[in-house]
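Okay, protein-v3.cif is below, mmCIF, C-alpha atoms and all ligand atoms:
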data_start
loop_
_atom_site.label_atom_id
_atom_site.label_comp_id
_atom_site.auth_asym_id
_atom_site.auth_seq_id
_atom_site.Cartn_x
_atom_site.Cartn_y
_atom_site.Cartn_z
CA MET A 1 165.96 58.27 189.75
CA PHE A 2 162.39 58.98 190.88
CA GLU A 3 159.96 60.51 188.38
CA ASP A 4 157.90 61.91 191.20
CA LEU A 5 157.19 61.89 194.93
CA ARG A 6 155.08 58.73 194.61
CA GLY A 7 158.03 56.86 193.11
CA PHE A 8 160.21 57.84 196.07
CA LEU A 9 157.49 56.84 198.55
CA ALA A 10 157.17 53.40 196.94
CA HIS A 11 160.95 52.98 197.28
CA LEU A 12 160.84 54.02 200.94
CA GLU A 13 157.98 51.64 201.64
CA ASP A 14 160.00 48.74 200.17
CA LEU A 15 162.82 49.64 202.56
CA GLY A 16 160.55 50.01 205.61
CA GLN A 17 161.24 53.74 205.70
CA LEU A 18 157.63 54.85 205.19
CA LYS A 19 154.91 54.35 207.78
CA ARG A 20 151.26 54.64 206.75
CA VAL A 21 149.28 56.10 209.67
CA HIS A 22 145.64 54.98 209.80
CA ASP A 23 144.75 56.69 213.10
CA GLU A 24 142.66 59.81 212.62
CA VAL A 25 144.79 62.94 213.08
CA SER A 26 144.07 66.66 213.16
CA VAL A 27 146.05 69.11 211.03
CA LYS A 28 146.46 71.14 214.23
CA TYR A 29 149.53 69.85 216.12
CA GLU A 30 148.78 66.11 215.77
CA ILE A 31 150.56 65.62 212.44
CA ALA A 32 153.50 67.75 213.61
CA ALA A 33 153.68 65.71 216.84
CA GLY A 34 154.10 62.54 214.80
CA ILE A 35 156.87 64.11 212.74
CA ARG A 36 158.60 65.36 215.91
CA LYS A 37 158.62 61.88 217.38
CA ALA A 38 159.82 60.29 214.13
CA SER A 39 162.61 62.89 213.89
CA ASP A 40 163.74 62.23 217.47
CA ILE A 41 163.89 58.44 217.11
CA GLU A 42 165.41 58.30 213.60
CA GLY A 43 162.06 56.97 212.48
CA PRO A 44 160.44 56.60 209.09
CA ALA A 45 158.64 59.17 206.99
CA LEU A 46 154.92 59.31 207.83
CA LEU A 47 151.97 59.15 205.43
CA PHE A 48 148.78 60.15 207.27
CA GLU A 49 145.85 58.55 205.46
CA ASN A 50 143.02 59.64 207.76
CA VAL A 51 143.13 63.41 208.21
CA LYS A 52 140.20 64.82 210.16
CA GLY A 53 138.07 67.16 208.04
CA TYR A 54 139.94 66.48 204.78
CA PRO A 55 138.49 63.33 203.18
CA GLY A 56 140.33 62.26 200.05
CA TRP A 57 143.58 63.85 201.17
CA ARG A 58 146.72 62.24 202.49
CA VAL A 59 149.35 64.21 204.35
CA LEU A 60 153.03 63.31 204.16
CA GLY A 61 155.40 64.50 206.90
CA GLY A 62 159.01 64.01 207.91
CA LEU A 63 160.09 62.89 204.43
CA PHE A 64 163.62 64.18 205.13
CA ALA A 65 163.50 63.86 208.93
CA THR A 66 166.76 61.93 209.07
CA ARG A 67 170.04 62.11 207.16
CA LYS A 68 169.36 58.54 206.03
CA LEU A 69 166.17 59.65 204.26
CA VAL A 70 168.04 62.48 202.48
CA ALA A 71 170.67 59.98 201.31
CA LEU A 72 167.92 57.68 200.00
CA GLY A 73 166.40 60.66 198.18
CA LEU A 74 169.71 61.21 196.40
CA GLY A 75 170.31 57.49 195.95
CA VAL A 76 173.81 57.61 197.48
CA PRO A 77 175.42 55.96 200.54
CA GLN A 78 175.22 58.19 203.60
CA ASP A 79 179.00 58.36 204.18
CA LYS A 80 179.63 59.43 200.56
CA ILE A 81 176.86 61.96 200.36
CA LEU A 82 178.83 65.24 200.46
CA ASP A 83 181.37 64.10 197.83
CA ARG A 84 178.63 62.77 195.59
CA TYR A 85 176.44 65.81 196.11
CA MET A 86 179.29 68.16 195.19
CA THR A 87 179.95 66.30 191.94
CA LEU A 88 176.29 66.14 190.96
CA GLU A 89 175.58 69.76 191.93
CA GLU A 90 177.95 70.91 189.20
CA HIS A 91 176.61 68.47 186.60
CA ARG A 92 173.68 70.61 185.48
CA ILE A 93 170.88 69.32 183.26
CA PRO A 94 168.31 71.86 182.01
CA PRO A 95 164.60 71.12 182.54
CA GLU A 96 162.28 70.07 179.75
CA ILE A 97 158.94 71.77 179.10
CA VAL A 98 156.17 69.23 178.43
CA PRO A 99 152.57 69.97 177.27
CA THR A 100 150.82 68.61 180.35
CA GLY A 101 151.22 66.37 183.38
CA PRO A 102 149.44 64.81 186.33
CA VAL A 103 149.44 68.11 188.29
CA LYS A 104 146.78 69.32 185.82
CA GLU A 105 144.29 66.55 186.67
CA ILE A 106 142.27 68.90 188.92
CA LYS A 107 142.15 72.69 188.45
CA TRP A 108 140.65 75.31 190.74
CA THR A 109 140.47 78.77 189.25
CA GLY A 110 138.47 81.95 190.01
CA ASP A 111 135.98 81.44 192.83
CA GLN A 112 137.00 77.79 193.20
CA VAL A 113 140.30 78.85 194.77
CA ASP A 114 140.05 78.03 198.48
CA LEU A 115 143.12 77.41 200.59
CA THR A 116 140.98 76.32 203.54
CA LYS A 117 140.18 73.13 201.58
CA LEU A 118 143.85 72.10 201.69
CA PRO A 119 145.06 70.19 204.79
CA ILE A 120 147.58 72.85 205.76
CA VAL A 121 149.21 72.02 209.07
CA THR A 122 149.70 74.02 212.26
CA HIS A 123 153.00 72.81 213.70
CA ALA A 124 154.41 74.30 216.93
CA GLY A 125 152.46 75.18 220.07
CA LYS A 126 152.94 78.95 219.71
CA ASP A 127 152.81 79.22 215.89
CA CYS A 128 150.39 81.95 214.84
CA GLY A 129 148.54 79.69 212.39
CA PRO A 130 148.76 77.04 209.68
CA TYR A 131 151.80 77.21 207.40
CA VAL A 132 152.79 75.76 204.06
CA THR A 133 156.31 74.67 205.03
CA ILE A 134 157.75 72.62 202.18
CA GLY A 135 156.32 74.23 199.10
CA VAL A 136 158.97 74.77 196.46
CA GLN A 137 158.63 78.35 195.23
CA ILE A 138 159.40 79.16 191.63
CA GLY A 139 159.81 82.78 190.54
CA LYS A 140 161.55 84.59 187.70
CA ASP A 141 163.90 87.55 187.65
CA PRO A 142 161.76 90.46 186.37
CA GLU A 143 164.54 91.55 183.98
CA SER A 144 166.26 88.38 182.76
CA GLY A 145 163.44 85.88 183.27
CA VAL A 146 165.88 83.41 184.87
CA ARG A 147 164.09 81.10 187.28
CA ASN A 148 164.78 80.70 190.97
CA VAL A 149 163.69 77.66 192.97
CA SER A 150 163.64 77.88 196.76
CA VAL A 151 161.54 77.02 199.81
CA HIS A 152 159.85 79.66 201.96
CA ARG A 153 157.15 79.31 204.55
CA MET A 154 153.67 80.70 203.83
CA LEU A 155 150.98 81.52 206.41
CA VAL A 156 147.34 81.04 205.43
CA LEU A 157 145.62 84.45 205.64
CA GLY A 158 142.30 83.55 203.96
CA LYS A 159 140.76 81.65 201.04
CA ASP A 160 143.12 83.20 198.50
CA ARG A 161 145.81 84.96 200.54
CA LEU A 162 149.13 83.71 201.87
CA SER A 163 152.10 85.41 203.43
CA LEU A 164 155.38 84.69 201.65
CA TRP A 165 158.33 85.06 204.00
CA ALA A 166 161.22 85.50 201.55
CA PRO A 167 163.77 87.88 203.10
CA ALA A 168 165.79 90.29 200.97
CA ASP A 169 169.00 88.29 201.30
CA HIS A 170 167.33 85.31 199.63
CA HIS A 171 167.02 85.21 195.84
CA LEU A 172 163.20 85.14 195.75
CA GLY A 173 162.99 88.00 198.26
CA ARG A 174 165.28 90.04 196.03
CA MET A 175 163.04 89.33 193.02
CA ILE A 176 159.95 90.45 194.94
CA LEU A 177 161.68 93.75 195.75
CA MET A 178 162.87 94.18 192.13
CA ALA A 179 159.27 93.77 190.90
CA GLU A 180 158.00 96.21 193.54
CA GLU A 181 160.42 98.87 192.31
CA LYS A 182 158.42 98.75 189.05
CA ASN A 183 155.18 98.76 191.09
CA LYS A 184 154.48 95.20 189.99
CA GLY A 185 153.75 91.96 191.74
CA LEU A 186 156.00 88.96 191.29
CA GLU A 187 154.37 85.84 189.89
CA VAL A 188 155.24 82.93 192.16
CA ALA A 189 154.21 79.30 191.91
CA THR A 190 154.50 76.92 194.85
CA ALA A 191 154.85 73.22 194.09
CA VAL A 192 154.05 70.89 196.97
CA GLY A 193 154.98 67.20 196.81
CA VAL A 194 157.77 66.90 194.24
CA ASP A 195 160.54 64.38 193.73
CA PRO A 196 163.33 64.55 196.33
CA ALA A 197 166.00 65.87 193.94
CA ILE A 198 163.99 69.07 193.39
CA VAL A 199 163.66 69.76 197.11
CA ILE A 200 167.36 69.02 197.75
CA ALA A 201 168.38 71.20 194.77
CA SER A 202 166.22 74.06 196.07
CA GLN A 203 168.62 74.23 199.04
CA ALA A 204 171.76 74.44 196.87
CA LYS A 205 173.79 77.57 197.62
CA VAL A 206 174.27 78.37 193.95
CA PRO A 207 174.66 82.03 192.90
CA TYR A 208 171.76 84.26 191.86
CA GLY A 209 170.98 83.65 188.19
CA ILE A 210 171.37 79.88 188.31
CA ASP A 211 168.07 78.03 187.90
CA GLU A 212 167.99 75.35 190.60
CA PHE A 213 165.94 73.10 188.28
CA HIS A 214 169.22 72.66 186.35
CA VAL A 215 170.84 71.53 189.61
CA ALA A 216 167.90 69.18 190.27
CA GLY A 217 168.38 67.66 186.81
CA GLY A 218 172.00 66.91 187.70
CA LEU A 219 171.08 65.40 191.06
CA ARG A 220 168.45 63.10 189.53
CA GLY A 221 170.43 62.35 186.36
CA ALA A 222 167.60 63.42 184.03
CA ALA A 223 165.80 66.61 183.07
CA VAL A 224 163.01 67.78 185.37
CA LYS A 225 159.76 67.87 183.39
CA LEU A 226 157.93 71.19 183.70
CA VAL A 227 154.48 72.42 182.63
CA LYS A 228 153.21 75.97 182.26
CA CYS A 229 150.98 77.41 184.95
CA GLU A 230 147.32 78.24 184.26
CA THR A 231 147.26 81.89 185.33
CA ILE A 232 150.89 83.05 185.55
CA ASP A 233 153.98 82.90 183.31
CA VAL A 234 155.87 80.37 185.43
CA GLU A 235 156.73 76.70 184.86
CA VAL A 236 156.26 74.05 187.54
CA PRO A 237 157.09 70.34 187.94
CA ALA A 238 154.61 68.31 185.87
CA PHE A 239 154.47 65.57 188.52
CA ALA A 240 153.90 67.83 191.56
CA GLU A 241 151.07 66.80 193.86
CA VAL A 242 149.71 70.35 194.24
CA VAL A 243 150.62 73.72 192.70
CA ILE A 244 149.51 77.05 194.14
CA GLU A 245 149.78 79.89 191.60
CA GLY A 246 149.85 83.49 192.78
CA VAL A 247 151.12 87.03 192.49
CA THR A 248 152.60 89.18 195.25
CA ILE A 249 150.73 92.38 196.00
CA PRO A 250 153.22 95.24 195.56
CA GLY A 251 153.93 97.14 198.74
CA GLU A 252 151.62 95.04 200.90
CA ARG A 253 152.99 93.48 204.06
CA VAL A 254 151.41 91.40 206.78
CA ALA A 255 152.45 90.29 210.25
CA ASP A 256 153.90 86.78 209.94
CA GLY A 257 154.73 85.01 213.18
CA PRO A 258 155.46 84.00 215.83
CA TYR A 259 156.70 80.80 214.25
CA GLY A 260 158.89 78.03 215.68
CA GLU A 261 162.01 78.37 213.54
CA TYR A 262 165.13 76.36 212.73
CA PRO A 263 167.22 77.63 215.70
CA GLY A 264 164.70 75.83 217.92
CA CYS A 265 163.18 79.10 219.17
CA TYR A 266 160.21 81.18 218.07
CA SER A 267 160.82 84.05 215.66
CA GLU A 268 158.84 87.19 216.35
CA ALA A 269 156.16 88.49 213.97
CA LYS A 270 157.80 89.89 210.83
CA GLN A 271 156.43 91.99 208.00
CA ALA A 272 156.13 89.55 205.11
CA PRO A 273 154.98 90.09 201.50
CA VAL A 274 151.47 88.91 200.62
CA LEU A 275 150.61 86.51 197.80
CA LYS A 276 147.20 86.60 196.10
CA VAL A 277 146.41 83.07 194.95
CA THR A 278 145.11 82.89 191.35
CA ALA A 279 144.78 79.12 190.82
CA ILE A 280 145.38 75.76 192.50
CA THR A 281 146.00 72.61 190.47
CA MET A 282 146.59 69.08 191.73
CA ARG A 283 146.70 65.37 191.03
CA GLN A 284 143.84 62.99 191.70
CA LYS A 285 143.95 61.74 195.33
CA PRO A 286 146.61 64.33 196.13
CA ILE A 287 149.28 64.03 198.79
CA TRP A 288 149.86 67.22 200.78
CA GLN A 289 153.42 67.40 202.06
CA THR A 290 154.38 69.24 205.22
CA ALA A 291 157.75 69.58 206.93
CA LEU A 292 158.78 70.28 210.47
CA THR A 293 161.32 72.75 211.75
CA GLY A 294 162.23 73.75 215.32
CA MET A 295 164.73 72.10 217.66
CA PRO A 296 167.36 70.24 215.64
CA VAL A 297 167.36 67.74 214.12
CA THR A 298 164.40 68.10 211.75
CA GLU A 299 164.11 68.00 207.99
CA ASN A 300 164.72 71.75 207.90
CA HIS A 301 168.21 70.91 209.19
CA THR A 302 169.02 67.73 207.26
CA LEU A 303 167.96 69.33 203.98
CA ILE A 304 170.39 72.22 204.28
CA GLU A 305 173.41 70.16 205.31
CA TYR A 306 174.74 69.34 201.86
CA GLY A 307 174.12 72.66 200.12
CA ASN A 308 175.91 74.39 203.00
CA GLY A 309 178.57 71.68 203.21
CA ALA A 310 179.39 72.08 199.53
CA VAL A 311 179.98 75.85 199.69
CA VAL A 312 181.97 75.54 202.91
CA HIS A 313 184.13 72.80 201.38
CA ARG A 314 184.79 74.83 198.24
CA GLU A 315 185.64 77.93 200.27
CA ILE A 316 188.22 76.06 202.37
CA LYS A 317 189.76 74.48 199.28
CA LYS A 318 190.62 77.93 197.92
CA ILE A 319 192.97 78.29 200.90
CA VAL A 320 193.95 74.74 201.84
CA PRO A 321 193.66 72.19 199.03
CA GLU A 322 193.81 69.27 201.46
CA VAL A 323 190.45 69.41 203.27
CA LYS A 324 190.01 66.16 205.17
CA ALA A 325 186.45 66.55 206.43
CA ILE A 326 183.95 69.13 207.61
CA ASN A 327 181.26 68.71 210.22
CA LEU A 328 178.43 71.22 210.27
CA THR A 329 177.25 70.15 213.69
CA PRO A 330 173.62 69.10 214.34
CA GLY A 331 173.39 71.16 217.56
CA GLY A 332 174.70 74.11 215.57
CA THR A 333 171.64 73.63 213.34
CA PHE A 334 173.85 72.64 210.34
CA ARG A 335 174.23 76.39 209.84
CA HIS A 336 176.01 78.09 212.72
CA HIS A 337 178.86 75.82 213.89
CA VAL A 338 181.44 73.99 211.82
CA VAL A 339 184.47 71.87 212.66
CA VAL A 340 186.99 71.66 209.83
CA SER A 341 189.85 69.21 209.54
CA ILE A 342 192.74 70.26 207.26
CA LYS A 343 196.23 69.15 206.31
CA LYS A 344 198.15 72.25 207.24
CA ARG A 345 201.40 72.87 205.38
CA ALA A 346 201.99 76.54 206.18
CA GLU A 347 201.67 78.25 209.54
CA ASN A 348 198.47 80.26 210.11
CA GLU A 349 196.45 78.58 207.32
CA GLY A 350 193.87 77.75 209.98
CA ARG A 351 193.38 81.46 210.67
CA ASN A 352 192.75 82.16 206.98
CA VAL A 353 190.17 79.36 206.91
CA ILE A 354 188.41 80.92 209.91
CA LEU A 355 188.26 84.37 208.29
CA ALA A 356 187.03 82.98 204.98
CA LEU A 357 184.24 80.91 206.51
CA LEU A 358 183.05 83.64 208.87
CA SER A 359 182.84 86.12 205.98
CA MET A 360 180.69 83.85 203.77
CA GLY A 361 177.45 85.26 205.16
CA ILE A 362 175.67 81.90 205.35
CA GLY A 363 175.16 82.07 209.10
CA LEU A 364 178.39 80.58 210.43
CA LYS A 365 179.23 82.01 213.85
CA GLN A 366 181.71 79.44 215.17
CA VAL A 367 184.54 77.84 213.21
CA ILE A 368 186.89 75.29 214.79
CA VAL A 369 189.88 74.20 212.72
CA VAL A 370 191.72 70.98 213.59
CA ASP A 371 194.55 69.02 212.01
CA ASP A 372 194.05 66.03 209.75
CA ASP A 373 194.75 63.56 212.59
CA ILE A 374 191.52 64.70 214.30
CA ASN A 375 188.11 63.41 213.24
CA PRO A 376 185.82 66.46 213.24
CA PHE A 377 182.78 64.21 213.81
CA ASP A 378 184.22 62.91 217.14
CA PRO A 379 183.49 65.41 219.94
CA LEU A 380 186.16 63.81 222.18
CA GLN A 381 188.89 64.27 219.61
CA VAL A 382 187.84 67.87 218.90
CA ASP A 383 187.78 68.61 222.62
CA TRP A 384 191.23 67.01 222.97
CA ALA A 385 192.61 69.15 220.15
CA MET A 386 191.29 72.25 221.90
CA ALA A 387 192.77 71.04 225.20
CA THR A 388 196.26 70.47 223.80
CA ARG A 389 196.67 72.62 220.68
CA PHE A 390 194.78 75.80 221.49
CA GLN A 391 195.55 78.88 223.58
CA ALA A 392 192.70 81.35 223.86
CA ASP A 393 194.86 84.50 223.86
CA LYS A 394 196.62 83.76 220.57
CA ASP A 395 194.49 81.17 218.76
CA ALA A 396 190.97 82.60 219.13
CA ILE A 397 189.60 85.19 216.71
CA ILE A 398 186.48 87.22 217.43
CA ILE A 399 184.95 89.26 214.63
CA PRO A 400 182.12 91.60 215.64
CA ARG A 401 179.11 92.39 213.44
CA ILE A 402 179.16 90.34 210.24
CA ALA A 403 176.14 90.47 207.92
CA CYS A 404 174.72 87.00 207.57
CA SER A 405 171.62 84.94 207.09
CA THR A 406 170.52 83.95 210.57
CA LEU A 407 167.47 83.71 212.80
CA ASP A 408 169.64 83.17 215.89
CA PRO A 409 167.85 85.05 218.71
CA SER A 410 171.14 85.96 220.44
CA VAL A 411 172.21 88.37 217.71
CA PRO A 412 172.38 92.13 218.46
CA GLU A 413 170.28 93.05 215.42
CA PRO A 414 168.57 91.05 212.66
CA ARG A 415 170.79 89.25 210.11
CA VAL A 416 174.04 90.20 211.83
CA THR A 417 176.25 88.05 214.00
CA ALA A 418 179.60 88.02 215.75
CA GLY A 419 182.00 85.32 214.67
CA LEU A 420 184.25 83.12 216.82
CA GLY A 421 187.17 81.27 215.29
CA ILE A 422 189.22 78.66 217.14
CA ASP A 423 192.45 77.54 215.52
CA ALA A 424 193.10 74.23 217.26
CA THR A 425 195.79 73.12 214.83
CA ALA A 426 199.24 72.43 216.26
CA PRO A 427 202.18 74.59 215.20
CA LEU A 428 204.34 73.06 212.47
CA LYS A 429 207.46 73.74 214.54
CA ASP A 430 208.28 71.12 217.21
CA ARG A 431 205.45 68.99 215.89
CA TRP A 432 206.50 66.02 218.04
CA ARG A 433 205.25 67.83 221.15
CA PHE A 434 201.67 67.63 219.81
CA GLU A 435 201.78 64.08 218.53
CA LYS A 436 199.13 61.68 219.83
CA VAL A 437 200.49 59.05 222.18
CA GLU A 438 199.91 55.69 220.51
CA ILE A 439 200.66 52.15 221.66
CA PRO A 440 202.02 49.75 219.04
CA GLY A 441 199.98 46.61 218.38
CA VAL A 442 196.51 47.63 219.59
CA ASP A 443 195.05 46.26 216.35
CA LYS A 444 196.66 42.88 217.10
CA VAL A 445 194.94 42.43 220.47
CA LYS A 446 192.41 39.61 219.97
CA TYR A 447 191.49 38.60 223.54
CA ILE A 448 188.95 41.44 224.07
MN MN A 501 168.75 80.78 193.85
#

Written form, structure tokens:
Amino acid sequence: MFEDLRGFLAHLEDLGQLKRVHDEVSVKYEIAAGIRKASDIEGPALLFENVKGYPGWRVLGGLFATRKLVALGLGVPQDKILDRYMTLEEHRIPPEIVPTGPVKEIKWTGDQVDLTKLPIVTHAGKDCGPYVTIGVQIGKDPESGVRNVSVHRMLVLGKDRLSLWAPADHHLGRMILMAEEKNKGLEVATAVGVDPAIVIASQAKVPYGIDEFHVAGGLRGAAVKLVKCETIDVEVPAFAEVVIEGVTIPGERVADGPYGEYPGCYSEAKQAPVLKVTAITMRQKPIWQTALTGMPVTENHTLIEYGNGAVVHREIKKIVPEVKAINLTPGGTFRHHVVVSIKKRAENEGRNVILALLSMGIGLKQVIVVDDDINPFDPLQVDWAMATRFQADKDAIIIPRIACSTLDPSVPEPRVTAGLGIDATAPLKDRWRFEKVEIPGVDKVKYI
């Protein structure tokens, strides 16, 4: 696949999926505005080559703004992406440690560390400041040393201070708390501008204790090459554009927010851990990558679709082996709403599917189950199934207060939601009453 981000960008440029922007742009709002527009019109990724106040830098945005770009990053056809992703996600290839790499071409240590020299972008109108939004964070379990790779936003607090919003129900957040219990900081590296497989793998919903670099190796079909950091005991992609090394300050918290989040609303200021930056390394002529979130669809939605889709698919298969298709809906942020099509062979299987999916804790709050003659991606067919195969008093399930990962502002308290299940499958008995009316010979009509 692609050795690095630059390899992927060259591929996109060949396909007309990368636009070089020569107009001068500010890191405040103007870059984000371009990404918003590109996201809304299914446009290309954007490489800003003239960033006001940051000569020598280029800023990349919207690299995964559309599902098409994610598919290109994985090198698979868009309609096959979930199947292919699920196969590759389980085909793990461990990373390889190499002595050095391009990310070591420039090193800032000690007093040279200065985050204000990086073109860090302010995105939404009411965001409290500039955020690193698509840095891949690498940390290690303080006991076992097993790596975790994930993406968390970081607010610039000063020349060598960042917030690190990693909540406790995320693996990195858990590691920060485990280190704090020993009154220690957690060493965390943030790699910005890596090959697409690493970013996609960072969103895999694999259990705690699985190093997502192994998943990335499987997705790209070759080991990820890693180099050691300069100031911390963490390994980072050798071909990253920029790496920010740091250590969390035990017990310290800072107000982080408001910030325009994935539900399309602002999240209030939260108390986030603080990272003291100890070194910054980068390539010559570095590319700073930023990503947009906010109203769907943005890259913060497209990137999560397949990791979430894979765990949802596997969960349904435990109950109903014949899963036809699943649609994590775009308006449901690829997190909150799912329509599932199954081949039902026992009565009430749809209800078990609803209970299983709502209890996964990944943020699902609405599950609609339809039969295998309904295409879950067609809103008309789903609506029709609800109109003819669903009765609210016996086929709806409401579960109050389920712990889950969510920033949905309608919830009664943080990281809790109510769940709604709609079993819109027809009963097996008297099946003919629910059969679609079809006219023979429609496929033979040639005159229109
Ligand atoms: Mn993990």

Within 10 Å of ligand MN 501 (chain A), which residues of chain A show up? Give each one with its shortest atom-to-atom distance in Å (one decimal) and the two atoms involved, counting all atoms listed in the file, rows by chain then rising residue number, as JSON lines.
{"residue": "A:Ile138", "atom": "CA", "partner": "A:MN501", "partner_atom": "MN", "distance": 9.7}
{"residue": "A:Gly139", "atom": "CA", "partner": "A:MN501", "partner_atom": "MN", "distance": 9.7}
{"residue": "A:Val146", "atom": "CA", "partner": "A:MN501", "partner_atom": "MN", "distance": 9.8}
{"residue": "A:Arg147", "atom": "CA", "partner": "A:MN501", "partner_atom": "MN", "distance": 8.1}
{"residue": "A:Asn148", "atom": "CA", "partner": "A:MN501", "partner_atom": "MN", "distance": 4.9}
{"residue": "A:Val149", "atom": "CA", "partner": "A:MN501", "partner_atom": "MN", "distance": 6.0}
{"residue": "A:Ser150", "atom": "CA", "partner": "A:MN501", "partner_atom": "MN", "distance": 6.6}
{"residue": "A:His170", "atom": "CA", "partner": "A:MN501", "partner_atom": "MN", "distance": 7.5}
{"residue": "A:His171", "atom": "CA", "partner": "A:MN501", "partner_atom": "MN", "distance": 5.2}
{"residue": "A:Leu172", "atom": "CA", "partner": "A:MN501", "partner_atom": "MN", "distance": 7.3}
{"residue": "A:Ala201", "atom": "CA", "partner": "A:MN501", "partner_atom": "MN", "distance": 9.6}
{"residue": "A:Ser202", "atom": "CA", "partner": "A:MN501", "partner_atom": "MN", "distance": 7.5}
{"residue": "A:Gln203", "atom": "CA", "partner": "A:MN501", "partner_atom": "MN", "distance": 8.4}
{"residue": "A:Ala204", "atom": "CA", "partner": "A:MN501", "partner_atom": "MN", "distance": 7.6}
{"residue": "A:Lys205", "atom": "CA", "partner": "A:MN501", "partner_atom": "MN", "distance": 7.1}
{"residue": "A:Val206", "atom": "CA", "partner": "A:MN501", "partner_atom": "MN", "distance": 6.0}
{"residue": "A:Pro207", "atom": "CA", "partner": "A:MN501", "partner_atom": "MN", "distance": 6.1}
{"residue": "A:Tyr208", "atom": "CA", "partner": "A:MN501", "partner_atom": "MN", "distance": 5.0}
{"residue": "A:Gly209", "atom": "CA", "partner": "A:MN501", "partner_atom": "MN", "distance": 6.7}
{"residue": "A:Ile210", "atom": "CA", "partner": "A:MN501", "partner_atom": "MN", "distance": 6.2}
{"residue": "A:Asp211", "atom": "CA", "partner": "A:MN501", "partner_atom": "MN", "distance": 6.6}
{"residue": "A:Glu212", "atom": "CA", "partner": "A:MN501", "partner_atom": "MN", "distance": 6.4}
{"residue": "A:Phe213", "atom": "CA", "partner": "A:MN501", "partner_atom": "MN", "distance": 9.9}

Nearest to Lys324 (chain A) by atom-to-atom distance, counting all atoms listed in the file, from A:Ile304, A:Thr281, A:Leu358, A:Pro376: A:Pro376

Polymer residues at most 8 Å from Lys285 (chain A), all atoms listed in the file, same-chain spacing of 6 or more positions, as a ChimeraX atom specification: /A:56-58

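Of the residues listed (A:Lys318, A:His91, A:Arg283, A:Lys344), A:His91 shows the shortest atom-to-atom separation from Gly221 (chain A); distances use only C-alpha atoms.
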
Skipping near chain neighbours, those fewer than 3 positions away, what residues fall within 9 Å of region 244-254 of chain A using only C-alpha atoms, listed as a PDB file with C-alpha atoms, in the frame of the given file?
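The resulting file, out_25.pdb, is shown below:
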ATOM      1  CA  GLY A 135     156.320  74.230 199.100  1.00  0.00           C
ATOM      2  CA  ASP A 160     143.120  83.200 198.500  1.00  0.00           C
ATOM      3  CA  ARG A 161     145.810  84.960 200.540  1.00  0.00           C
ATOM      4  CA  SER A 163     152.100  85.410 203.430  1.00  0.00           C
ATOM      5  CA  LEU A 164     155.380  84.690 201.650  1.00  0.00           C
ATOM      6  CA  ILE A 176     159.950  90.450 194.940  1.00  0.00           C
ATOM      7  CA  LEU A 177     161.680  93.750 195.750  1.00  0.00           C
ATOM      8  CA  ALA A 179     159.270  93.770 190.900  1.00  0.00           C
ATOM      9  CA  GLU A 180     158.000  96.210 193.540  1.00  0.00           C
ATOM     10  CA  GLU A 181     160.420  98.870 192.310  1.00  0.00           C
ATOM     11  CA  ASN A 183     155.180  98.760 191.090  1.00  0.00           C
ATOM     12  CA  LYS A 184     154.480  95.200 189.990  1.00  0.00           C
ATOM     13  CA  GLY A 185     153.750  91.960 191.740  1.00  0.00           C
ATOM     14  CA  LEU A 186     156.000  88.960 191.290  1.00  0.00           C
ATOM     15  CA  GLU A 187     154.370  85.840 189.890  1.00  0.00           C
ATOM     16  CA  VAL A 188     155.240  82.930 192.160  1.00  0.00           C
ATOM     17  CA  ALA A 189     154.210  79.300 191.910  1.00  0.00           C
ATOM     18  CA  THR A 190     154.500  76.920 194.850  1.00  0.00           C
ATOM     19  CA  ALA A 191     154.850  73.220 194.090  1.00  0.00           C
ATOM     20  CA  VAL A 192     154.050  70.890 196.970  1.00  0.00           C
ATOM     21  CA  CYS A 229     150.980  77.410 184.950  1.00  0.00           C
ATOM     22  CA  GLU A 230     147.320  78.240 184.260  1.00  0.00           C
ATOM     23  CA  THR A 231     147.260  81.890 185.330  1.00  0.00           C
ATOM     24  CA  ILE A 232     150.890  83.050 185.550  1.00  0.00           C
ATOM     25  CA  VAL A 234     155.870  80.370 185.430  1.00  0.00           C
ATOM     26  CA  LYS A 270     157.800  89.890 210.830  1.00  0.00           C
ATOM     27  CA  GLN A 271     156.430  91.990 208.000  1.00  0.00           C
ATOM     28  CA  ALA A 272     156.130  89.550 205.110  1.00  0.00           C
ATOM     29  CA  PRO A 273     154.980  90.090 201.500  1.00  0.00           C
ATOM     30  CA  VAL A 274     151.470  88.910 200.620  1.00  0.00           C
ATOM     31  CA  LEU A 275     150.610  86.510 197.800  1.00  0.00           C
ATOM     32  CA  LYS A 276     147.200  86.600 196.100  1.00  0.00           C
ATOM     33  CA  VAL A 277     146.410  83.070 194.950  1.00  0.00           C
ATOM     34  CA  THR A 278     145.110  82.890 191.350  1.00  0.00           C
ATOM     35  CA  ALA A 279     144.780  79.120 190.820  1.00  0.00           C
ATOM     36  CA  ILE A 280     145.380  75.760 192.500  1.00  0.00           C
ATOM     37  CA  THR A 281     146.000  72.610 190.470  1.00  0.00           C
ATOM     38  CA  MET A 282     146.590  69.080 191.730  1.00  0.00           C
TER      39      MET A 282
END

At most 12 Å is the cut-off: for each residue in region 130-176 of chain A with any atom that close to an atom of region 383-405 of chain A, write down the nearest atom pair and the distance in Å rounded to one decimal, counting all atoms listed in the file, chain first then increasing number, as JSON lines.
{"residue": "A:Ala166", "atom": "CA", "partner": "A:Ser405", "partner_atom": "CA", "distance": 11.8}
{"residue": "A:Pro167", "atom": "CA", "partner": "A:Ser405", "partner_atom": "CA", "distance": 9.3}
{"residue": "A:Ala168", "atom": "CA", "partner": "A:Ser405", "partner_atom": "CA", "distance": 10.0}
{"residue": "A:Asp169", "atom": "CA", "partner": "A:Ser405", "partner_atom": "CA", "distance": 7.2}
{"residue": "A:His170", "atom": "CA", "partner": "A:Ser405", "partner_atom": "CA", "distance": 8.6}
